[in-house]
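> So I've got this file, query06.cif, and it contains mmCIF, C-alpha atoms and all ligand atoms:
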```cif
data_upload
#
loop_
_atom_site.label_atom_id
_atom_site.label_comp_id
_atom_site.auth_asym_id
_atom_site.auth_seq_id
_atom_site.Cartn_x
_atom_site.Cartn_y
_atom_site.Cartn_z
CA MET A 1 -120.99 -23.07 -118.67
CA PRO A 2 -120.06 -26.65 -119.62
CA LEU A 3 -121.22 -29.30 -117.20
CA ASP A 4 -118.48 -31.74 -118.12
CA PRO A 5 -114.88 -30.56 -118.03
CA ALA A 6 -113.21 -30.09 -121.41
CA PRO A 7 -111.24 -33.21 -122.42
CA VAL A 8 -107.59 -32.91 -121.40
CA PRO A 9 -104.99 -33.97 -124.01
CA GLU A 10 -102.86 -36.97 -123.06
CA GLU A 11 -99.60 -34.95 -122.99
CA LEU A 12 -100.89 -32.74 -120.20
CA ARG A 13 -102.13 -35.46 -117.86
CA GLY A 14 -100.24 -35.56 -114.61
CA LEU A 15 -98.07 -32.51 -115.37
CA ARG A 16 -97.26 -29.62 -113.05
CA VAL A 17 -99.13 -26.68 -114.58
CA ALA A 18 -98.74 -23.02 -113.62
CA LEU A 19 -101.70 -20.85 -114.62
CA LEU A 20 -100.85 -17.15 -114.62
CA VAL A 21 -104.02 -15.14 -114.59
CA ALA A 22 -104.05 -11.48 -115.68
CA GLY A 23 -106.74 -8.83 -115.33
CA GLY A 24 -109.24 -9.42 -118.08
CA ILE A 25 -112.92 -10.19 -117.93
CA ALA A 26 -112.15 -13.69 -119.29
CA ALA A 27 -110.23 -14.49 -116.08
CA TYR A 28 -113.28 -16.33 -114.75
CA LYS A 29 -112.95 -18.90 -117.57
CA LEU A 30 -109.63 -20.01 -116.10
CA VAL A 31 -111.43 -21.56 -113.13
CA ASP A 32 -112.99 -24.13 -115.48
CA LEU A 33 -109.64 -24.80 -117.07
CA ALA A 34 -107.93 -25.19 -113.68
CA SER A 35 -110.66 -27.59 -112.65
CA ALA A 36 -110.41 -29.71 -115.83
CA LEU A 37 -106.63 -29.98 -115.50
CA THR A 38 -106.85 -30.89 -111.81
CA GLN A 39 -109.44 -33.58 -112.56
CA ALA A 40 -107.06 -34.99 -115.21
CA GLY A 41 -104.39 -35.54 -112.57
CA CYS A 42 -102.41 -32.34 -113.13
CA SER A 43 -100.97 -30.50 -110.23
CA VAL A 44 -102.19 -26.95 -110.84
CA ARG A 45 -100.90 -23.78 -109.18
CA VAL A 46 -102.23 -20.35 -109.93
CA ALA A 47 -100.64 -16.91 -109.70
CA MET A 48 -102.69 -13.78 -110.29
CA THR A 49 -101.90 -10.16 -111.13
CA ALA A 50 -103.38 -7.52 -108.86
CA SER A 51 -105.95 -6.67 -111.56
CA ALA A 52 -106.92 -10.31 -111.95
CA THR A 53 -108.01 -10.36 -108.32
CA ARG A 54 -110.57 -7.62 -109.21
CA PHE A 55 -112.21 -9.99 -111.66
CA ILE A 56 -112.03 -13.29 -109.80
CA GLY A 57 -111.19 -14.34 -106.28
CA ALA A 58 -108.19 -16.40 -105.30
CA PRO A 59 -110.43 -18.76 -103.25
CA SER A 60 -112.12 -19.91 -106.48
CA PHE A 61 -108.80 -21.22 -107.76
CA GLN A 62 -107.92 -22.70 -104.39
CA GLY A 63 -111.30 -24.44 -104.37
CA VAL A 64 -110.78 -26.21 -107.69
CA THR A 65 -107.02 -26.88 -107.53
CA GLY A 66 -106.58 -27.57 -103.83
CA ASN A 67 -103.61 -25.18 -103.82
CA PRO A 68 -103.62 -21.58 -102.63
CA ALA A 69 -103.49 -19.08 -105.49
CA LEU A 70 -100.52 -16.72 -105.17
CA THR A 71 -101.43 -13.06 -105.46
CA GLY A 72 -98.22 -11.21 -104.67
CA MET A 73 -94.45 -11.39 -104.53
CA TRP A 74 -94.44 -11.30 -100.77
CA ALA A 75 -97.01 -13.98 -100.13
CA GLY A 76 -94.34 -16.68 -99.60
CA ASP A 77 -95.05 -19.65 -97.41
CA ALA A 78 -92.81 -22.46 -96.25
CA GLU A 79 -93.10 -24.31 -99.54
CA ALA A 80 -92.60 -21.26 -101.73
CA PRO A 81 -90.29 -18.92 -99.86
CA GLU A 82 -89.50 -17.22 -103.18
CA PRO A 83 -92.78 -17.31 -105.10
CA HIS A 84 -91.32 -15.34 -108.02
CA VAL A 85 -88.96 -18.17 -108.93
CA PHE A 86 -90.65 -21.13 -107.26
CA LEU A 87 -93.48 -21.51 -109.75
CA GLY A 88 -91.28 -20.93 -112.81
CA ASP A 89 -88.91 -23.57 -111.52
CA TRP A 90 -91.64 -25.99 -110.51
CA ALA A 91 -93.90 -25.89 -113.58
CA GLN A 92 -93.66 -28.22 -116.57
CA VAL A 93 -95.87 -25.89 -118.59
CA VAL A 94 -97.02 -22.31 -118.01
CA LEU A 95 -100.16 -20.68 -119.41
CA LEU A 96 -100.64 -16.91 -119.20
CA ALA A 97 -104.31 -16.09 -119.77
CA PRO A 98 -106.15 -13.89 -120.37
CA ALA A 99 -103.01 -12.04 -121.50
CA THR A 100 -103.85 -8.36 -121.50
CA ALA A 101 -102.04 -5.78 -123.64
CA ASN A 102 -100.39 -4.58 -120.45
CA VAL A 103 -98.98 -7.91 -119.25
CA ILE A 104 -97.87 -8.75 -122.81
CA ALA A 105 -95.95 -5.45 -123.00
CA ARG A 106 -94.31 -6.01 -119.64
CA ALA A 107 -93.37 -9.60 -120.55
CA ALA A 108 -91.92 -8.49 -123.91
CA ARG A 109 -89.71 -5.96 -122.10
CA GLY A 110 -88.52 -8.63 -119.69
CA GLN A 111 -90.00 -6.78 -116.73
CA SER A 112 -90.47 -8.67 -113.51
CA ASP A 113 -92.24 -6.05 -111.45
CA ASP A 114 -94.99 -8.31 -110.23
CA LEU A 115 -95.41 -11.98 -109.44
CA VAL A 116 -96.82 -13.01 -112.82
CA THR A 117 -94.11 -11.35 -114.96
CA ALA A 118 -91.40 -12.58 -112.58
CA ILE A 119 -92.65 -16.17 -112.91
CA LEU A 120 -92.68 -15.80 -116.70
CA LEU A 121 -89.09 -14.66 -116.62
CA ALA A 122 -88.05 -17.47 -114.28
CA ALA A 123 -89.88 -20.20 -116.21
CA ARG A 124 -87.71 -23.05 -117.49
CA CYS A 125 -90.55 -24.84 -119.26
CA PRO A 126 -92.73 -24.17 -122.32
CA VAL A 127 -94.78 -20.98 -121.97
CA VAL A 128 -98.12 -20.44 -123.71
CA VAL A 129 -99.64 -16.96 -123.88
CA ALA A 130 -103.33 -16.53 -124.70
CA PRO A 131 -104.12 -12.86 -125.42
CA ALA A 132 -107.66 -11.57 -124.82
CA MET A 133 -108.61 -7.93 -125.09
CA ASN A 134 -110.71 -5.36 -126.82
CA ASP A 135 -110.59 -5.65 -130.65
CA ALA A 136 -109.14 -2.15 -131.13
CA MET A 137 -106.33 -2.89 -128.70
CA TRP A 138 -105.66 -6.27 -130.34
CA VAL A 139 -104.92 -4.83 -133.78
CA LYS A 140 -102.53 -2.11 -132.54
CA PRO A 141 -98.95 -2.51 -133.81
CA ALA A 142 -97.65 -2.11 -130.24
CA VAL A 143 -99.50 -5.26 -129.15
CA GLN A 144 -98.63 -7.22 -132.30
CA GLU A 145 -94.96 -6.26 -132.09
CA ASN A 146 -94.76 -7.28 -128.44
CA LEU A 147 -96.29 -10.66 -129.30
CA LYS A 148 -93.80 -11.07 -132.13
CA ILE A 149 -90.99 -10.47 -129.64
CA LEU A 150 -92.40 -13.13 -127.30
CA GLY A 151 -92.94 -15.57 -130.20
CA GLY A 152 -89.32 -15.02 -131.30
CA ARG A 153 -88.21 -16.09 -127.84
CA GLY A 154 -90.00 -19.40 -128.05
CA VAL A 155 -93.29 -18.46 -126.37
CA VAL A 156 -96.33 -20.12 -127.97
CA VAL A 157 -98.98 -17.48 -128.71
CA VAL A 158 -102.58 -18.67 -129.09
CA GLN A 159 -104.60 -16.46 -131.42
CA PRO A 160 -107.73 -14.96 -129.85
CA GLU A 161 -111.08 -15.81 -131.36
CA ALA A 162 -113.55 -13.54 -133.12
CA GLY A 163 -117.00 -13.04 -131.63
CA HIS A 164 -118.88 -11.06 -129.05
CA LEU A 165 -116.60 -8.97 -126.84
CA ALA A 166 -117.27 -7.58 -123.37
CA SER A 167 -117.22 -4.08 -124.84
CA GLY A 168 -120.38 -4.95 -126.75
CA HIS A 169 -118.60 -5.03 -130.11
CA ALA A 170 -118.12 -8.06 -132.27
CA GLY A 171 -114.45 -8.51 -133.17
CA THR A 172 -111.25 -10.42 -132.55
CA GLY A 173 -110.07 -10.56 -128.97
CA ARG A 174 -111.97 -13.34 -127.21
CA LEU A 175 -110.11 -15.87 -125.13
CA PRO A 176 -110.22 -19.21 -127.01
CA SER A 177 -112.05 -22.18 -125.49
CA ALA A 178 -110.49 -24.28 -122.73
CA ALA A 179 -110.06 -27.07 -125.31
CA ALA A 180 -108.10 -24.77 -127.65
CA LEU A 181 -105.91 -23.52 -124.79
CA MET A 182 -105.14 -27.06 -123.70
CA GLU A 183 -104.36 -28.10 -127.28
CA ALA A 184 -101.83 -25.23 -127.51
CA MET A 185 -100.29 -26.29 -124.19
CA ALA A 186 -100.14 -29.91 -125.34
CA GLY A 187 -98.42 -28.85 -128.58
CA ALA A 188 -95.84 -26.86 -126.62
CA VAL A 189 -95.27 -29.82 -124.30
CA ARG A 190 -94.98 -32.32 -127.18
CA SER A 191 -92.18 -30.46 -128.89
CA ARG A 192 -90.38 -29.58 -125.67
CA TYR A 193 -90.54 -32.90 -123.80
CA ASP A 194 -89.18 -35.06 -126.57
CA LEU A 195 -87.30 -37.19 -124.03
CA ALA A 196 -90.33 -37.97 -121.87
CA GLY A 197 -90.24 -41.62 -120.77
CA ARG A 198 -86.53 -41.92 -121.62
CA ARG A 199 -83.67 -42.66 -119.24
CA VAL A 200 -80.46 -40.80 -119.85
CA VAL A 201 -77.11 -41.41 -118.15
CA VAL A 202 -74.46 -38.69 -118.34
CA THR A 203 -70.95 -38.67 -116.92
CA ALA A 204 -69.18 -35.46 -115.96
CA GLY A 205 -65.87 -34.20 -114.59
CA GLY A 206 -62.41 -35.63 -114.56
CA THR A 207 -61.70 -38.84 -112.68
CA ARG A 208 -59.40 -38.65 -109.67
CA GLU A 209 -56.88 -41.44 -109.38
CA PRO A 210 -55.36 -41.56 -105.88
CA ILE A 211 -51.65 -41.49 -105.21
CA ASP A 212 -52.10 -41.57 -101.44
CA PRO A 213 -54.92 -40.54 -99.08
CA VAL A 214 -54.43 -36.81 -99.81
CA ARG A 215 -53.25 -36.64 -103.44
CA TYR A 216 -54.61 -37.70 -106.75
CA ILE A 217 -53.95 -37.48 -110.46
CA GLY A 218 -56.69 -35.43 -112.06
CA ASN A 219 -57.36 -33.22 -115.03
CA TYR A 220 -58.83 -29.82 -115.89
CA SER A 221 -62.35 -31.02 -116.71
CA SER A 222 -64.89 -28.76 -114.96
CA GLY A 223 -67.86 -31.05 -115.57
CA LYS A 224 -69.82 -28.14 -117.11
CA MET A 225 -70.58 -29.85 -120.42
CA GLY A 226 -71.85 -32.99 -118.67
CA PHE A 227 -73.95 -30.93 -116.29
CA ALA A 228 -75.42 -28.97 -119.23
CA LEU A 229 -76.33 -32.24 -120.95
CA ALA A 230 -77.90 -33.69 -117.82
CA THR A 231 -80.03 -30.62 -117.12
CA ALA A 232 -81.02 -30.20 -120.77
CA ALA A 233 -82.15 -33.86 -120.93
CA ALA A 234 -84.10 -33.47 -117.67
CA ASP A 235 -85.75 -30.27 -118.92
CA ARG A 236 -86.87 -32.27 -121.97
CA GLY A 237 -88.61 -34.81 -119.76
CA ALA A 238 -85.96 -37.52 -119.35
CA ARG A 239 -85.13 -39.26 -116.10
CA VAL A 240 -81.46 -38.46 -115.78
CA THR A 241 -78.63 -39.98 -113.80
CA LEU A 242 -75.50 -37.85 -113.61
CA VAL A 243 -72.42 -39.82 -112.61
CA THR A 244 -69.94 -37.13 -111.69
CA THR A 245 -66.67 -36.45 -109.94
CA VAL A 246 -67.53 -32.79 -109.30
CA ALA A 247 -70.40 -31.22 -107.36
CA HIS A 248 -73.25 -29.54 -109.23
CA PRO A 249 -76.27 -27.56 -108.08
CA ASP A 250 -79.44 -29.60 -107.65
CA HIS A 251 -81.64 -29.80 -110.71
CA ARG A 252 -85.13 -31.27 -110.88
CA GLY A 253 -85.14 -34.62 -112.65
CA VAL A 254 -81.38 -35.21 -112.26
CA GLU A 255 -80.19 -37.84 -109.82
CA VAL A 256 -76.58 -37.10 -108.95
CA ARG A 257 -74.17 -39.91 -108.11
CA HIS A 258 -70.72 -38.97 -106.90
CA VAL A 259 -67.72 -41.03 -107.90
CA GLU A 260 -63.98 -40.47 -107.72
CA THR A 261 -62.03 -42.93 -109.82
CA ALA A 262 -62.48 -44.49 -113.24
CA ASP A 263 -63.10 -47.80 -111.47
CA ASP A 264 -65.91 -46.28 -109.36
CA MET A 265 -67.39 -44.72 -112.49
CA LEU A 266 -67.34 -48.01 -114.40
CA ALA A 267 -68.90 -49.93 -111.50
CA ASP A 268 -71.71 -47.39 -111.21
CA LEU A 269 -72.27 -47.16 -114.96
CA ARG A 270 -72.64 -50.94 -115.21
CA VAL A 271 -75.68 -50.62 -112.94
CA GLN A 272 -77.00 -47.35 -114.35
CA ILE A 273 -77.04 -48.32 -118.03
CA ARG A 274 -79.60 -51.07 -117.37
CA GLY A 275 -82.76 -49.86 -119.06
CA ALA A 276 -81.15 -46.59 -120.19
CA ASP A 277 -81.84 -45.14 -123.63
CA ILE A 278 -78.81 -42.87 -123.91
CA LEU A 279 -75.34 -42.80 -122.35
CA VAL A 280 -73.28 -39.66 -122.85
CA MET A 281 -69.69 -39.95 -121.66
CA ALA A 282 -68.75 -36.32 -121.20
CA ALA A 283 -66.37 -37.22 -118.36
CA ALA A 284 -62.65 -36.91 -118.88
CA VAL A 285 -61.62 -40.36 -117.76
CA ALA A 286 -57.95 -40.71 -116.88
CA ASP A 287 -55.94 -42.97 -119.14
CA PHE A 288 -53.37 -43.87 -116.46
CA ARG A 289 -53.42 -44.30 -112.70
CA PRO A 290 -50.83 -45.06 -110.02
CA ALA A 291 -50.28 -48.80 -110.00
CA GLN A 292 -50.18 -48.67 -106.18
CA ARG A 293 -52.01 -46.35 -103.84
CA ALA A 294 -49.94 -45.56 -100.74
CA GLY A 295 -51.93 -46.31 -97.60
CA HIS A 296 -50.52 -43.22 -95.83
CA LYS A 297 -49.56 -39.71 -96.85
CA ILE A 298 -46.23 -39.89 -98.61
CA ARG A 299 -43.79 -37.64 -96.69
CA ARG A 300 -41.04 -35.56 -98.16
CA GLU A 301 -38.38 -37.08 -95.91
CA GLU A 302 -39.47 -40.55 -96.96
CA THR A 303 -38.34 -40.20 -100.50
CA PRO A 304 -36.02 -37.58 -101.98
CA HIS A 305 -37.29 -38.35 -105.45
CA LEU A 306 -40.76 -39.77 -105.93
CA GLU A 307 -41.42 -41.92 -108.94
CA LEU A 308 -44.93 -42.99 -109.78
CA ASP A 309 -45.54 -46.19 -111.61
CA LEU A 310 -48.62 -45.60 -113.76
CA GLU A 311 -50.72 -48.37 -115.22
CA PRO A 312 -53.26 -47.98 -118.04
CA ILE A 313 -56.94 -47.64 -117.24
CA PRO A 314 -59.19 -49.79 -119.40
CA ASP A 315 -61.53 -47.92 -121.72
CA LEU A 316 -64.86 -47.52 -119.92
CA LEU A 317 -66.88 -47.07 -123.09
CA ALA A 318 -65.38 -50.17 -124.68
CA ALA A 319 -66.05 -52.16 -121.48
CA LEU A 320 -69.66 -50.96 -121.37
CA ALA A 321 -70.22 -51.64 -125.05
CA ASN A 322 -69.53 -55.32 -124.27
CA GLU A 323 -72.20 -55.47 -121.54
CA PRO A 324 -75.42 -57.17 -122.70
CA GLU A 325 -77.39 -54.33 -121.01
CA ALA A 326 -75.79 -51.82 -123.40
CA GLY A 327 -77.72 -53.40 -126.29
CA GLY A 328 -80.40 -50.77 -126.67
CA VAL A 329 -78.36 -47.84 -125.34
CA PHE A 330 -77.43 -45.00 -127.70
CA MET A 331 -73.77 -44.44 -126.77
CA VAL A 332 -72.16 -41.04 -127.21
CA GLY A 333 -68.51 -40.26 -126.51
CA PHE A 334 -66.58 -37.03 -126.35
CA ALA A 335 -63.17 -36.48 -127.87
CA ALA A 336 -60.92 -33.67 -126.79
CA GLU A 337 -58.32 -33.23 -129.52
CA GLY A 338 -55.50 -30.81 -130.23
CA SER A 339 -55.43 -31.37 -134.00
CA ASP A 340 -57.05 -33.38 -136.82
CA LEU A 341 -60.42 -33.19 -135.08
CA ASP A 342 -62.46 -35.08 -137.66
CA ALA A 343 -59.99 -37.87 -138.37
CA LYS A 344 -59.25 -38.61 -134.71
CA ALA A 345 -62.90 -38.45 -133.71
CA ALA A 346 -63.90 -40.76 -136.58
CA GLU A 347 -61.26 -43.26 -135.46
CA LYS A 348 -62.51 -43.18 -131.83
CA LEU A 349 -66.14 -43.48 -132.92
CA LYS A 350 -65.26 -46.72 -134.69
CA ARG A 351 -62.78 -48.12 -132.16
CA LYS A 352 -65.14 -47.57 -129.21
CA GLY A 353 -68.20 -48.90 -131.05
CA LEU A 354 -70.18 -45.67 -130.43
CA HIS A 355 -73.31 -44.34 -132.10
CA ALA A 356 -71.94 -40.79 -132.04
CA ILE A 357 -69.01 -38.72 -130.87
CA VAL A 358 -68.66 -35.01 -130.12
CA ALA A 359 -65.18 -33.68 -130.79
CA ASN A 360 -63.81 -30.37 -129.64
CA ASP A 361 -60.52 -28.58 -129.98
CA ILE A 362 -58.66 -28.33 -126.68
CA SER A 363 -55.96 -26.10 -128.13
CA ARG A 364 -58.51 -23.25 -128.12
CA ARG A 365 -58.65 -21.26 -124.88
CA ASP A 366 -62.04 -19.65 -125.49
CA ILE A 367 -63.91 -22.96 -125.50
CA GLY A 368 -63.77 -26.29 -123.71
CA PHE A 369 -62.19 -26.81 -120.27
CA GLY A 370 -63.72 -24.52 -117.66
CA SER A 371 -65.35 -22.25 -120.26
CA GLU A 372 -69.09 -21.57 -120.53
CA TYR A 373 -68.72 -22.07 -124.29
CA ASN A 374 -67.95 -24.94 -126.57
CA GLU A 375 -67.56 -25.58 -130.28
CA GLY A 376 -66.93 -28.72 -132.24
CA VAL A 377 -68.27 -31.32 -134.56
CA MET A 378 -70.53 -34.32 -134.01
CA LEU A 379 -69.99 -37.50 -136.02
CA PHE A 380 -72.46 -40.36 -136.21
CA ALA A 381 -71.99 -44.05 -136.92
CA ASP A 382 -74.59 -43.61 -139.69
CA GLY A 383 -72.10 -41.35 -141.49
CA ALA A 384 -73.70 -37.99 -140.64
CA ARG A 385 -71.47 -35.05 -139.69
CA GLU A 386 -72.84 -31.96 -137.95
CA THR A 387 -70.88 -28.80 -137.23
CA LEU A 388 -71.50 -27.34 -133.78
CA PRO A 389 -70.58 -23.64 -134.02
CA ARG A 390 -69.45 -21.70 -130.93
CA MET A 391 -72.31 -21.54 -128.42
CA THR A 392 -72.93 -21.90 -124.70
CA LYS A 393 -72.56 -25.38 -123.29
CA ARG A 394 -76.27 -25.44 -122.52
CA GLU A 395 -77.09 -24.54 -126.12
CA MET A 396 -74.72 -27.20 -127.33
CA ALA A 397 -76.30 -29.75 -124.99
CA ASP A 398 -79.70 -29.06 -126.55
CA ARG A 399 -78.24 -29.20 -130.06
CA ILE A 400 -76.62 -32.57 -129.29
CA LEU A 401 -79.93 -33.90 -127.94
CA ASP A 402 -81.78 -32.52 -131.01
CA LEU A 403 -79.49 -34.67 -133.13
CA ILE A 404 -79.80 -37.79 -130.94
CA VAL A 405 -83.60 -37.85 -130.45
CA PRO A 406 -84.56 -38.74 -134.05
CA ARG A 407 -82.03 -41.58 -133.98
CA LEU A 408 -83.44 -43.29 -130.85
CA GLN A 409 -85.23 -46.61 -131.17
CA ASP A 410 -88.87 -46.71 -130.06
N1 LIG B 501 -63.11 -42.76 -122.19
C1 LIG B 501 -63.44 -43.92 -121.53
N2 LIG B 501 -62.52 -44.59 -120.79
C2 LIG B 501 -61.24 -44.16 -120.74
C3 LIG B 501 -60.88 -42.97 -121.44
C4 LIG B 501 -61.84 -42.31 -122.15
O1 LIG B 501 -64.62 -44.32 -121.58
N3 LIG B 501 -60.37 -44.84 -120.00
C5 LIG B 501 -64.16 -42.05 -122.95
C6 LIG B 501 -64.29 -40.59 -122.59
O2 LIG B 501 -65.25 -40.39 -121.58
C7 LIG B 501 -64.74 -39.97 -123.90
C8 LIG B 501 -64.11 -40.86 -124.96
O3 LIG B 501 -63.78 -42.08 -124.29
O4 LIG B 501 -66.13 -40.02 -124.07
C9 LIG B 501 -62.88 -40.32 -125.59
O5 LIG B 501 -61.96 -39.95 -124.61
P1 LIG B 501 -60.48 -39.54 -125.00
O6 LIG B 501 -59.69 -39.29 -123.77
O7 LIG B 501 -60.51 -38.49 -126.04
O8 LIG B 501 -60.03 -40.88 -125.72
P2 LIG B 501 -58.94 -41.94 -125.40
O9 LIG B 501 -59.51 -43.27 -125.77
O10 LIG B 501 -58.44 -41.79 -124.02
O11 LIG B 501 -57.83 -41.59 -126.46
P3 LIG B 501 -56.52 -40.65 -126.35
O12 LIG B 501 -56.38 -40.25 -124.92
O13 LIG B 501 -55.45 -41.54 -126.82
O14 LIG B 501 -56.78 -39.51 -127.27
#
```
Would you encode the structure as structure tokens?


Amino acid sequence: MPLDPAPVPEELRGLRVALLVAGGIAAYKLVDLASALTQAGCSVRVAMTASATRFIGAPSFQGVTGNPALTGMWAGDAEAPEPHVFLGDWAQVVLLAPATANVIARAARGQSDDLVTAILLAARCPVVVAPAMNDAMWVKPAVQENLKILGGRGVVVVQPEAGHLASGHAGTGRLPSAAALMEAMAGAVRSRYDLAGRRVVVTAGGTREPIDPVRYIGNYSSGKMGFALATAAADRGARVTLVTTVAHPDHRGVEVRHVETADDMLADLRVQIRGADILVMAAAVADFRPAQRAGHKIRREETPHLELDLEPIPDLLAALANEPEAGGVFMVGFAAEGSDLDAKAAEKLKRKGLHAIVANDISRRDIGFGSEYNEGVMLFADGARETLPRMTKREMADRILDLIVPRLQD
């Protein structure tokens, strides 16, 4: 037993870590790991399978982490009324260890019949699985195929080590050292949190330009693409501000600011872009607004024929591009076009002084406004052109961020 805790990689320090402990003899080694992570400033929470509790007691984990270890679906307390989703939602990295053949099989099938498999299914963060079992079980095609399934879904699988096994044999199946487990977790975190330390501002929804106190000029924008971008950036470690005209569910790491008009949006963005790394204007900003806003509800009897005098709304992106604070901000616009996607997007990219623009075809009914799906093309000021094939808005958000990240300044 090491006297000093294993060194904790920089990427893991201070993170929220969920340790999912399954029923293998190596379960006791997780106490050391939980202790090392806690000492490195991580907030560590443990969930155990029923079998794991036969090998090690929940109080051991509570002792080293300071948090009660969850042992069942129905052990909810005030903080975790739904333990099966709470930990998956809360964690920034999940480690399942020692992963037995049984828990691996259940995870590969997408089962959620106990707390540990339910948390795995609900996890939004990188998941690392560290198998440990008898050498004969380890080499069975059933186990290897299940691990391949998990790997194909983005789970990081740590290979077990060769050596002395509890069965008395020498073979492959030992749980790797705490240092190796933490290195695998750090690797998973590194690639997933590529926006850590970055500030991202996203706009969403259509602006509402008032006619009178009860009516406005709006548009069909649902705000879904902007919301997908905001949540994707937050899931990748960014601090995100979402300036939106429509309500969205709460999401960890996203600060929501409600605005109504283009003027409100511009005023808020002027403040929010200070110190930001990326601005994505996914909002559908109105181009015209009533020149006067009636102070009272316009009544039918008042006017047999209502004419609205509309004045142009200045371009928000162009206005922001002129702000000194926008200097280091990577500016991304959206262009909703009915035809000549590339040519019109390229013209807007240049005219608005953007770093990139995402263009999509609004004549298509299966993508864009209100849909869960989108499709388009992304053009960059550096001349690059990327096709974005039909995919969910969340997938597109991640694809867009994949393309932005390598272009960010340090
Ligand atoms: N935009 C803006 N301010 C406006 C209008 C649009 O900042 N007053 C932004 C949008 O948020 C989007 C991009 O500019 O990111 C392109 O919007 P779009 O409506 O396609 O462009 P317009 O400049 O309005 O051109 P047009 O309506 O003539 O196609």

> Can you pull out every residue within 9 Å of Arg293 of chain A, counting only C-alpha atoms, but drop anything in the same chain fewer than 2 positions away, and send it as a PyMOL selection string?

chain A and resi 209-213+290-291+295-296

> Expressed in Å to a single decimal, how great is the separation between atom CA of Leu15 of chain A and atom CA of Val157 of chain A?

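Value for the atom CA of Leu15 of chain A-atom CA of Val157 of chain A distance: 20.1 Å.
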
> Smallest atom-to-atom distance to ligand LIG 501 (chain B): which of A:Gly88, A:Gly173, A:Pro406, A:Gly205, using all atoms listed in the file?

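With all atoms listed in the file as the atom set, the closest residue is A:Gly205.
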
> List every residue of chain A that has an atom at most 6 Å from any atom of ligand LIG 501 (chain B), giving for each one its closest atom pair and the distance in Å to one decimal, counting all atoms listed in the file, sorted by chain and then by ascending residue number, as a tab-separated table.


```
residue	atom	partner	partner_atom	distance
A:Met281	CA	B:LIG501	O4	4.3
A:Ala282	CA	B:LIG501	O4	5.4
A:Ala283	CA	B:LIG501	O2	4.7
A:Ala284	CA	B:LIG501	O2	5.1
A:Val285	CA	B:LIG501	C3	4.6
A:Ala286	CA	B:LIG501	N3	5.7
A:Asp287	CA	B:LIG501	N3	4.9
A:Ile313	CA	B:LIG501	N3	5.2
A:Pro314	CA	B:LIG501	N3	5.1
A:Asp315	CA	B:LIG501	N2	3.6
A:Leu316	CA	B:LIG501	O1	3.6
A:Leu317	CA	B:LIG501	O1	3.9
A:Gly333	CA	B:LIG501	O4	3.4
A:Phe334	CA	B:LIG501	O4	3.8
A:Ala335	CA	B:LIG501	O7	3.8
A:Ala336	CA	B:LIG501	O7	4.9
```

> Ala319 of chain A: which residues within 12 Å, counting only C-alpha atoms, same-chain residues fewer than 4 positions away excluded, as a PyMOL selection string?

chain A and resi 262-263+265-267+269-270+313-315+323-326+351-354

> Could you tell me how far atom CA of Gly275 of chain A lies from atom CA of Val377 of chain A, in Å and to one decimal?

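Those two atoms sit 28.2 Å apart.
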
> Could you check how far atom CA of Ala26 of chain A sits from atom CA of Asn146 of chain A, in Å to one decimal?

20.7 Å

> The residues within 8 Å of (-66.5, -33.9, -114.8), using all atoms listed in the file and the coordinates of the file, should be reported as a PDB file with C-alpha atoms, in the frame of the given file; which are they?


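Contents of the output file point-v6.pdb:
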```pdb
ATOM      1  CA  THR A 203     -70.950 -38.670-116.920  1.00  0.00           C
ATOM      2  CA  ALA A 204     -69.180 -35.460-115.960  1.00  0.00           C
ATOM      3  CA  GLY A 205     -65.870 -34.200-114.590  1.00  0.00           C
ATOM      4  CA  GLY A 206     -62.410 -35.630-114.560  1.00  0.00           C
ATOM      5  CA  THR A 207     -61.700 -38.840-112.680  1.00  0.00           C
ATOM      6  CA  SER A 221     -62.350 -31.020-116.710  1.00  0.00           C
ATOM      7  CA  SER A 222     -64.890 -28.760-114.960  1.00  0.00           C
ATOM      8  CA  GLY A 223     -67.860 -31.050-115.570  1.00  0.00           C
ATOM      9  CA  LYS A 224     -69.820 -28.140-117.110  1.00  0.00           C
ATOM     10  CA  GLY A 226     -71.850 -32.990-118.670  1.00  0.00           C
ATOM     11  CA  THR A 244     -69.940 -37.130-111.690  1.00  0.00           C
ATOM     12  CA  THR A 245     -66.670 -36.450-109.940  1.00  0.00           C
ATOM     13  CA  VAL A 246     -67.530 -32.790-109.300  1.00  0.00           C
ATOM     14  CA  ALA A 282     -68.750 -36.320-121.200  1.00  0.00           C
ATOM     15  CA  ALA A 283     -66.370 -37.220-118.360  1.00  0.00           C
ATOM     16  CA  ALA A 284     -62.650 -36.910-118.880  1.00  0.00           C
TER      17      ALA A 284
END
```

> Any idea what's packed within 10 Å of Arg199 of chain A, counting only C-alpha atoms, ignoring anything in its chain fewer than 3 positions away? Could you give it as a list in words?

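My reading of the contact set: Leu195, Ala196, Ala233, Ala234, Gly237, Ala238, Arg239, Val240, Thr241, Gln272, Ile273, Arg274, Gly275, Ala276, Asp277, Ile278, Leu279 and Val329 of chain A.
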